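*Asks:* The structure is given below, and queries will be raised subsequently.
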Amino acid sequence: MAAVGLSGGIPGQDRHDENTAAAASGEGKKHYYEQRIKNFEKYHERELKKREAAKAAADPVKITLPDGTIMPGIRNFTTPLEVASAISESLAKKCVVAKVDGVPWDLFRPLEADCALSLHNFGDEEGRETFWHSSAHLLGQALELEYGVDLTIGPALDEGYYYDCFMGERTLNTDDQMVIETRMRTSIKEAHEFQRVVVTRAEALEMFQENKFKSAASTMLNHVGLVSTNLPSQWGPAHSKGVFIMSATCQRSGPMAANVRVLAR
């Protein structure tokens, strides 16, 4: 199961109009957000140590580009974004996602073995899907921080995205649209980077214990076997952008853009 870059909410009873404004907004969940961030930072530090160990080991890999060019790399250290930068900085700025041996791959995720690498921008189907997926989680961040919603799923569509969420009895109106757009534009200006970690089921459940939808989905996935015996204790990548950490509910949630700046289109 993937945990993705922006994040959930507090489960429990329905919210009603008499709730305080803080309880119905991101401010009312500040403690939950702060604890979730602390957990993610702890797991991210673990990933950084693994990457530094890989750099020290310097186990070489061969990276084959679409034109047949072979570039050198270091196993579990070199990233597709670094390969793109080595080719040209302009290419790196345009890239949204990579494919490794035909599999969608985060630009900032280290390469794990000899591989065929292709790089994609918004002009490619692969790039657009990652662009919209990343945008969905930027929307999720705005919804959570502005309204304290309980997030469920935020997939990419063919030409756009959405984020499903639970708001109790509250509904959104046209005035809210400007609030959400302003929050998203602010996040883009802050130019946060998405970060990826791999966590165990127990770690993911602890991180998202206050979102009943994420917890329920994870339990269901275990029962239906989407977390296979090949991954006995892993839920796949968790992504973080700034203060927001998002739990996705399926293994095919896909990679994220390297930086929210690429979403400023």
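To be explicit about the labels: the chains of the structure tokens are called A, B, and onward in the order shown, and within each one the residues are counted from 1, while ligands get numbers from 1 in the order they are shown.
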For stretch 120-135 of chain A, list every protein, DNA or RNA residue within 6 Å, evaluated using only C-alpha atoms, and leave out those in the same chain fewer than 5 positions away; present the list as a list of chain:residue names.

*Replies:*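 Residues near the query, excluding close chain neighbours: A:Lys94, A:Cys95, A:Val96, A:Val97, A:Ala98, A:Pro155, A:Ala156, A:Gly160, A:Tyr161, A:Met256.
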
*Asks:* Find the residues around A:Arg46 up to 10 Å (only C-alpha atoms counted), leave out those fewer than 5 positions away in its own chain, and share them as a ChimeraX atom specification.

*Replies:* /A:40-41,51,197-198

*Asks:* Pick from A:Thr64, A:Ser187, A:Gln195, A:Thr171: nearest to A:Gln141, with only C-alpha atoms counted?

*Replies:*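 Among A:Thr64, A:Ser187, A:Gln195, A:Thr171, it is A:Ser187 that comes nearest to A:Gln141.
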
*Asks:* Between A:Lys38, A:His31, A:Arg185, A:Lys212, which has the minimum distance to A:Thr152 (counting only C-alpha atoms)?

*Replies:*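 Result for the nearest residue to A:Thr152: A:Lys212.
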
*Asks:* Quick one: distance from atom CA of A:Ile37 to atom CA of A:Ala56 in Å, one decimal?

*Replies:*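 Result for atom CA of A:Ile37 versus atom CA of A:Ala56: 28.5 Å, one decimal.
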
*Asks:* Can you list, as an MDAnalysis selection string, all residues belonging to stretch 31-219 of chain A that DSSP tags as helix (DSSP H, G or I)?

*Replies:* chainID A and resid 31:57 80:87 89:94 125:147 174:190 201:207 212:219

*Asks:* With C-alpha atoms kept, could you save the residues just selected as an mmCIF file, in the first residue's frame?

*Replies:*
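File out30.cif, as written:
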data_model
loop_
_atom_site.group_PDB
_atom_site.id
_atom_site.type_symbol
_atom_site.label_atom_id
_atom_site.label_comp_id
_atom_site.auth_asym_id
_atom_site.auth_seq_id
_atom_site.Cartn_x
_atom_site.Cartn_y
_atom_site.Cartn_z
ATOM 1 C CA HIS A 31 -1.375 18.000 17.195
ATOM 2 C CA TYR A 32 -2.252 15.152 14.842
ATOM 3 C CA TYR A 33 -0.456 16.834 11.950
ATOM 4 C CA GLU A 34 2.631 17.544 14.033
ATOM 5 C CA GLN A 35 2.872 13.950 15.239
ATOM 6 C CA ARG A 36 2.396 12.638 11.722
ATOM 7 C CA ILE A 37 5.194 14.890 10.470
ATOM 8 C CA LYS A 38 7.518 13.720 13.261
ATOM 9 C CA ASN A 39 6.873 10.115 12.303
ATOM 10 C CA PHE A 40 7.510 10.788 8.634
ATOM 11 C CA GLU A 41 10.717 12.685 9.350
ATOM 12 C CA LYS A 42 11.944 9.737 11.406
ATOM 13 C CA TYR A 43 11.301 7.342 8.532
ATOM 14 C CA HIS A 44 12.795 9.759 6.014
ATOM 15 C CA GLU A 45 15.990 9.965 8.069
ATOM 16 C CA ARG A 46 16.157 6.184 7.886
ATOM 17 C CA GLU A 47 15.921 6.374 4.085
ATOM 18 C CA LEU A 48 18.676 8.998 3.940
ATOM 19 C CA LYS A 49 20.986 6.754 5.948
ATOM 20 C CA LYS A 50 20.310 3.895 3.542
ATOM 21 C CA ARG A 51 21.159 6.141 0.618
ATOM 22 C CA GLU A 52 24.393 7.335 2.222
ATOM 23 C CA ALA A 53 25.364 3.711 2.883
ATOM 24 C CA ALA A 54 24.683 2.921 -0.779
ATOM 25 C CA LYS A 55 26.868 5.848 -1.846
ATOM 26 C CA ALA A 56 29.704 4.562 0.321
ATOM 27 C CA ALA A 57 29.326 1.042 -1.084
ATOM 28 C CA PRO A 80 16.519 9.572 -12.523
ATOM 29 C CA LEU A 81 16.547 13.291 -11.752
ATOM 30 C CA GLU A 82 20.324 13.190 -11.361
ATOM 31 C CA VAL A 83 20.594 11.427 -14.697
ATOM 32 C CA ALA A 84 18.404 14.088 -16.296
ATOM 33 C CA SER A 85 20.538 16.853 -14.769
ATOM 34 C CA ALA A 86 23.698 15.202 -16.097
ATOM 35 C CA ILE A 87 22.208 15.369 -19.597
ATOM 36 C CA GLU A 89 19.491 21.208 -16.603
ATOM 37 C CA SER A 90 16.718 22.231 -18.978
ATOM 38 C CA LEU A 91 15.728 18.579 -19.373
ATOM 39 C CA ALA A 92 15.696 18.090 -15.610
ATOM 40 C CA LYS A 93 13.406 21.102 -15.132
ATOM 41 C CA LYS A 94 10.897 19.776 -17.653
ATOM 42 C CA GLU A 125 0.869 10.480 -21.200
ATOM 43 C CA GLU A 126 3.075 9.300 -18.331
ATOM 44 C CA GLY A 127 4.028 12.857 -17.452
ATOM 45 C CA ARG A 128 0.444 14.106 -17.495
ATOM 46 C CA GLU A 129 -0.756 11.306 -15.225
ATOM 47 C CA THR A 130 1.933 12.089 -12.647
ATOM 48 C CA PHE A 131 1.257 15.824 -13.004
ATOM 49 C CA TRP A 132 -2.449 15.345 -12.275
ATOM 50 C CA HIS A 133 -1.760 12.868 -9.488
ATOM 51 C CA SER A 134 0.618 15.288 -7.779
ATOM 52 C CA SER A 135 -1.900 18.098 -8.270
ATOM 53 C CA ALA A 136 -4.581 15.993 -6.586
ATOM 54 C CA HIS A 137 -2.469 15.740 -3.471
ATOM 55 C CA LEU A 138 -1.803 19.456 -3.528
ATOM 56 C CA LEU A 139 -5.587 19.847 -3.512
ATOM 57 C CA GLY A 140 -5.787 17.358 -0.652
ATOM 58 C CA GLN A 141 -3.340 19.453 1.340
ATOM 59 C CA ALA A 142 -5.460 22.558 0.838
ATOM 60 C CA LEU A 143 -8.653 20.750 1.875
ATOM 61 C CA GLU A 144 -7.074 19.311 4.975
ATOM 62 C CA LEU A 145 -5.331 22.446 6.163
ATOM 63 C CA GLU A 146 -8.214 24.802 5.412
ATOM 64 C CA TYR A 147 -11.160 22.647 6.474
ATOM 65 C CA THR A 174 -17.986 29.168 -4.745
ATOM 66 C CA ASP A 175 -16.321 31.273 -2.029
ATOM 67 C CA ASP A 176 -14.401 28.207 -0.860
ATOM 68 C CA GLN A 177 -12.976 27.725 -4.343
ATOM 69 C CA MET A 178 -10.895 30.892 -4.031
ATOM 70 C CA VAL A 179 -9.665 29.834 -0.591
ATOM 71 C CA ILE A 180 -8.553 26.462 -1.926
ATOM 72 C CA GLU A 181 -6.897 27.926 -5.028
ATOM 73 C CA THR A 182 -5.024 30.491 -2.918
ATOM 74 C CA ARG A 183 -3.719 27.774 -0.608
ATOM 75 C CA MET A 184 -2.564 25.681 -3.575
ATOM 76 C CA ARG A 185 -0.809 28.641 -5.213
ATOM 77 C CA THR A 186 0.944 29.408 -1.928
ATOM 78 C CA SER A 187 2.189 25.835 -1.693
ATOM 79 C CA ILE A 188 3.552 26.014 -5.230
ATOM 80 C CA LYS A 189 5.403 29.252 -4.446
ATOM 81 C CA GLU A 190 6.972 27.574 -1.404
ATOM 82 C CA ARG A 201 2.097 -1.681 7.928
ATOM 83 C CA ALA A 202 2.470 -0.909 11.623
ATOM 84 C CA GLU A 203 4.262 2.360 10.899
ATOM 85 C CA ALA A 204 1.654 3.421 8.352
ATOM 86 C CA LEU A 205 -1.208 2.589 10.710
ATOM 87 C CA GLU A 206 0.432 4.596 13.460
ATOM 88 C CA MET A 207 0.932 7.555 11.146
ATOM 89 C CA LYS A 212 -10.786 6.163 9.779
ATOM 90 C CA PHE A 213 -10.952 5.923 5.984
ATOM 91 C CA LYS A 214 -7.245 5.216 5.555
ATOM 92 C CA SER A 215 -7.300 2.706 8.399
ATOM 93 C CA ALA A 216 -10.367 0.944 7.018
ATOM 94 C CA ALA A 217 -8.857 0.785 3.544
ATOM 95 C CA SER A 218 -5.630 -0.700 4.850
ATOM 96 C CA THR A 219 -7.538 -3.374 6.765
#

*Asks:* Which is closest to A:Phe194 among A:Pro104, A:Pro255, A:Pro66, A:Gly73, if we use only C-alpha atoms?

*Replies:*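 For A:Phe194, the nearest of the candidates is A:Pro255.
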
*Asks:* So how far away is atom CA of A:Asp164 from atom CA of A:Val149, in Å?

*Replies:*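 Separation between atom CA of A:Val149 and atom CA of A:Asp164: 9.7 Å.
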
*Asks:* How many Å lie between atom CA of A:Trp105 and atom CA of A:Thr78, rounded to one decimal?

*Replies:*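 The value is 12.9 Å.
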
*Asks:* Would you mind writing down, as a ChimeraX atom specification, each residue of stretch 65-226 of chain A that DSSP on the backbone assigns to strand (DSSP E)?

*Replies:* /A:70-74,97-100,103-105,115-120,150-151,156-157,160-161,165-166,194-200
